[in-house]
Amino acid sequence: MSILVNKETRVVGQGITGKAGSLHAKNNIAYGTNYVAAVTPGKGGQKFEDSLPIFNTVHDAVEKEGANTSVIFVPPPFAADSILEAIDAGIELVVCITEGIPVRDMAIVKDALNKSKTRLIGPNCPGIMTPEQCNIGIMPGYIAKPGRVGIVSRSGTLTYEAMYQLTQRGHGQSTCIGIGGDPINGTSHLDAVTLFNEDPDTDAIILIGEIGGSAEEEAAAYIKEHVKKPTAAFIAGTTAPPGRRMGHAGAIVSGSSGSAESKIAALKDAGIAVAATPSEIADALLTIYQG
């Protein structure tokens with residue numbers, strides 16, 4: 001009942017010996033996530049929380065502990081290099097929580113991703129969770145429950161809102177993915193929707209977007225052509241004035257594209273149920289999906 005991560009996922013934490021990374025890694029481990037190693041240059045040979053081996057490089061964590069997924073809590077000036085190191089080490093999935101990575105650094109990362117088999121989630125994202133199996137990042141696990149609705153969102157807060165609403169209405173989640181709101185990121189709405197569409201254990205999809213860019217329109221075009229699963233959506237930023245950034249670095253309308261109106265029109269044209277407010281996300285889905 002999941003995409004990308006499950007109880008078998010072997011996680012290495014990059015930067016989890018720092019204050020913020022330590023806090024969230026301990027929460028992930030307490031949730032049951034299978035952390036197998038940590039990486040902090042210069043601390044190789046030590047233990048995280050007296051049990052998790054710390055290595056100087058990601059390559060060592062892959063070679064000695066079989067890590068296949070990395071979570072990055074490294075400060076912005078060094079985060080891109082951490083992603084590149086994970087790519088070079090052959091990590092399959094990288095989840096980058098760090099906010100504020102320079103766009104120029106991410107352009108270099110994007111080029112490296114395109115030449116590799118590594119998938120990136122983020123940066124500037126809350127992570128990914130398959131309820132009761134694996135929670136990588138900063139999502140509040142207690143509001144989720146196992147189920148058959150996949151969630152993909154640019155907003156961390158709205159990811160949690162959709163999870164909570166579904167759980168309150170008796171519906172669980174297959175996997176929840178926060179892809180982040182930066183202008184250059186890894187996994188897109190289209191990527192996540194494609195994976196959910198191909199997952200036999202996901203029966204319905206919630207897509208949460210915001211103003212700026214064209215990712216939601218691209219996902220809508222795919223859904224219109226290929227997806228038969230009930231899909232609901234919400235677009236944040238309907239009242240944001242053109243030219244003013246709303247929250248995330250990528251949430252800005254410039255020119256004639258990227259407005260909430262154009263995204264909502266594309267979603268509705270694809271047969272997607274669009275919620276008018278954040279409080280109606282689950283209800284919008286449940287008008288077309290009973291589970």
# chains A, B, ... in the order shown; residues from 1 in each chain; ligands from 1

$ residues_around --residues "range 106-111 of chain A" --least-positions-apart "2" --cutoff "8 Å" --atoms "only C-alpha atoms" --output "list in words"
Ala80, Ile83, Leu84, Ile101, Pro102, Val103, Arg104, Leu113, Asn114, Lys115, Ile184, Asn185 and Gly186 of chain A

$ select_by_dssp --residues "range 41-268 of chain A" --states "alpha helix (DSSP H)" --output "ChimeraX atom specification"
/A:58-65,76-88,103-114,156-168,189-198,215-226,260-268

$ select_by_dssp --residues "range 142-236 of chain A" --states "strand (DSSP E)" --output "list in words"
Pro146, Gly147, Arg148, Val149, Gly150, Ile151, Val152, Ser153, Gln173, Ser174, Thr175, Cys176, Ile177, Gly178, Ala204, Ile205, Ile206, Leu207, Ile208, Gly209, Glu210, Thr231, Ala232, Ala233, Phe234, Ile235 and Ala236 of chain A

$ atom_distance --atom1 "CA of Arg148 in chain A" --atom2 "CA of Gln290 in chain A"
11.1 Å

$ closest_atom_pairs --of "range 29-84 of chain A" --to "range 132-147 of chain A" --cutoff "7 Å" --atoms "only C-alpha atoms" --output "CSV"
residue,atom,partner,partner_atom,distance
A:Tyr31,CA,A:Asn135,CA,6.9
A:Gly32,CA,A:Cys134,CA,6.5
A:Thr33,CA,A:Cys134,CA,4.6
A:Val71,CA,A:Ile136,CA,6.8

$ decode --residues "range 158-172 of chain A" --atoms "all heavy atoms" --output "compact mmCIF listing (two decimals), in the first residue's frame"
# COMPACT_ATOMS: atom_id res chain seq x y z
N LEU A 158 -0.53 22.06 4.08
CA LEU A 158 -1.73 21.54 3.42
C LEU A 158 -1.65 20.02 3.23
O LEU A 158 -2.68 19.36 3.13
CB LEU A 158 -1.95 22.24 2.09
CG LEU A 158 -2.36 23.72 2.22
CD1 LEU A 158 -2.50 24.36 0.84
CD2 LEU A 158 -3.67 23.87 3.01
N THR A 159 -0.44 19.47 3.20
CA THR A 159 -0.31 18.01 3.23
C THR A 159 -0.91 17.48 4.52
O THR A 159 -1.72 16.53 4.51
CB THR A 159 1.17 17.59 3.15
OG1 THR A 159 1.79 18.19 2.03
CG2 THR A 159 1.30 16.07 3.06
N TYR A 160 -0.52 18.10 5.63
CA TYR A 160 -1.02 17.64 6.93
C TYR A 160 -2.54 17.83 7.01
O TYR A 160 -3.26 17.00 7.57
CB TYR A 160 -0.37 18.41 8.09
CG TYR A 160 1.13 18.57 8.00
CD1 TYR A 160 1.76 19.66 8.58
CD2 TYR A 160 1.92 17.64 7.33
CE1 TYR A 160 3.13 19.83 8.50
CE2 TYR A 160 3.28 17.79 7.24
CZ TYR A 160 3.89 18.89 7.82
OH TYR A 160 5.24 19.06 7.74
N GLU A 161 -3.02 18.95 6.47
CA GLU A 161 -4.47 19.24 6.51
C GLU A 161 -5.25 18.15 5.78
O GLU A 161 -6.27 17.64 6.29
CB GLU A 161 -4.74 20.60 5.87
CG GLU A 161 -6.19 21.02 5.85
CD GLU A 161 -6.76 21.29 7.25
OE1 GLU A 161 -5.99 21.72 8.11
OE2 GLU A 161 -7.96 21.04 7.45
N ALA A 162 -4.77 17.77 4.59
CA ALA A 162 -5.47 16.73 3.82
C ALA A 162 -5.40 15.39 4.54
O ALA A 162 -6.39 14.64 4.59
CB ALA A 162 -4.85 16.62 2.43
N MET A 163 -4.24 15.07 5.11
CA MET A 163 -4.10 13.81 5.85
C MET A 163 -5.10 13.77 7.01
O MET A 163 -5.81 12.77 7.21
CB MET A 163 -2.67 13.69 6.41
CG MET A 163 -1.60 13.50 5.37
SD MET A 163 0.07 13.89 5.98
CE MET A 163 0.26 12.70 7.29
N TYR A 164 -5.13 14.85 7.77
CA TYR A 164 -5.99 14.90 8.96
C TYR A 164 -7.46 14.78 8.59
O TYR A 164 -8.23 14.05 9.22
CB TYR A 164 -5.73 16.20 9.72
CG TYR A 164 -6.51 16.33 11.00
CD1 TYR A 164 -6.17 15.57 12.13
CD2 TYR A 164 -7.60 17.19 11.10
CE1 TYR A 164 -6.90 15.68 13.31
CE2 TYR A 164 -8.33 17.30 12.28
CZ TYR A 164 -7.97 16.54 13.37
OH TYR A 164 -8.69 16.65 14.54
N GLN A 165 -7.85 15.54 7.53
CA GLN A 165 -9.25 15.49 7.11
C GLN A 165 -9.65 14.07 6.69
O GLN A 165 -10.73 13.58 7.04
CB GLN A 165 -9.49 16.47 5.95
CG GLN A 165 -9.45 17.93 6.35
CD GLN A 165 -9.67 18.86 5.16
OE1 GLN A 165 -10.23 18.46 4.14
NE2 GLN A 165 -9.22 20.10 5.30
N LEU A 166 -8.80 13.42 5.92
CA LEU A 166 -9.11 12.06 5.48
C LEU A 166 -9.23 11.11 6.67
O LEU A 166 -10.17 10.32 6.77
CB LEU A 166 -8.02 11.55 4.54
CG LEU A 166 -8.02 12.10 3.11
CD1 LEU A 166 -6.77 11.66 2.37
CD2 LEU A 166 -9.26 11.64 2.34
N THR A 167 -8.26 11.21 7.59
CA THR A 167 -8.28 10.32 8.75
C THR A 167 -9.54 10.55 9.58
O THR A 167 -10.17 9.59 10.05
CB THR A 167 -7.03 10.56 9.61
OG1 THR A 167 -5.87 10.25 8.83
CG2 THR A 167 -7.03 9.68 10.85
N GLN A 168 -9.92 11.82 9.78
CA GLN A 168 -11.12 12.13 10.54
C GLN A 168 -12.38 11.57 9.89
O GLN A 168 -13.37 11.30 10.58
CB GLN A 168 -11.26 13.64 10.70
CG GLN A 168 -10.23 14.27 11.62
CD GLN A 168 -10.34 13.73 13.04
OE1 GLN A 168 -11.36 13.86 13.69
NE2 GLN A 168 -9.27 13.11 13.52
N ARG A 169 -12.33 11.39 8.56
CA ARG A 169 -13.50 10.88 7.85
C ARG A 169 -13.39 9.36 7.61
O ARG A 169 -14.17 8.80 6.84
CB ARG A 169 -13.66 11.64 6.53
CG ARG A 169 -14.16 13.08 6.75
CD ARG A 169 -13.83 13.97 5.58
NE ARG A 169 -14.35 15.32 5.75
CZ ARG A 169 -13.79 16.24 6.55
NH1 ARG A 169 -12.73 15.94 7.27
NH2 ARG A 169 -14.32 17.45 6.64
N GLY A 170 -12.41 8.75 8.23
CA GLY A 170 -12.30 7.29 8.17
C GLY A 170 -11.52 6.74 7.00
O GLY A 170 -11.56 5.53 6.74
N HIS A 171 -10.81 7.61 6.29
CA HIS A 171 -10.04 7.16 5.13
C HIS A 171 -8.55 7.33 5.38
O HIS A 171 -8.08 8.39 5.79
CB HIS A 171 -10.43 7.96 3.88
CG HIS A 171 -11.81 7.68 3.40
ND1 HIS A 171 -12.09 6.70 2.47
CD2 HIS A 171 -13.00 8.22 3.76
CE1 HIS A 171 -13.39 6.66 2.25
NE2 HIS A 171 -13.99 7.57 3.02
N GLY A 172 -7.79 6.27 5.11
CA GLY A 172 -6.35 6.34 5.30
C GLY A 172 -5.61 6.72 4.02
O GLY A 172 -6.21 6.95 2.97
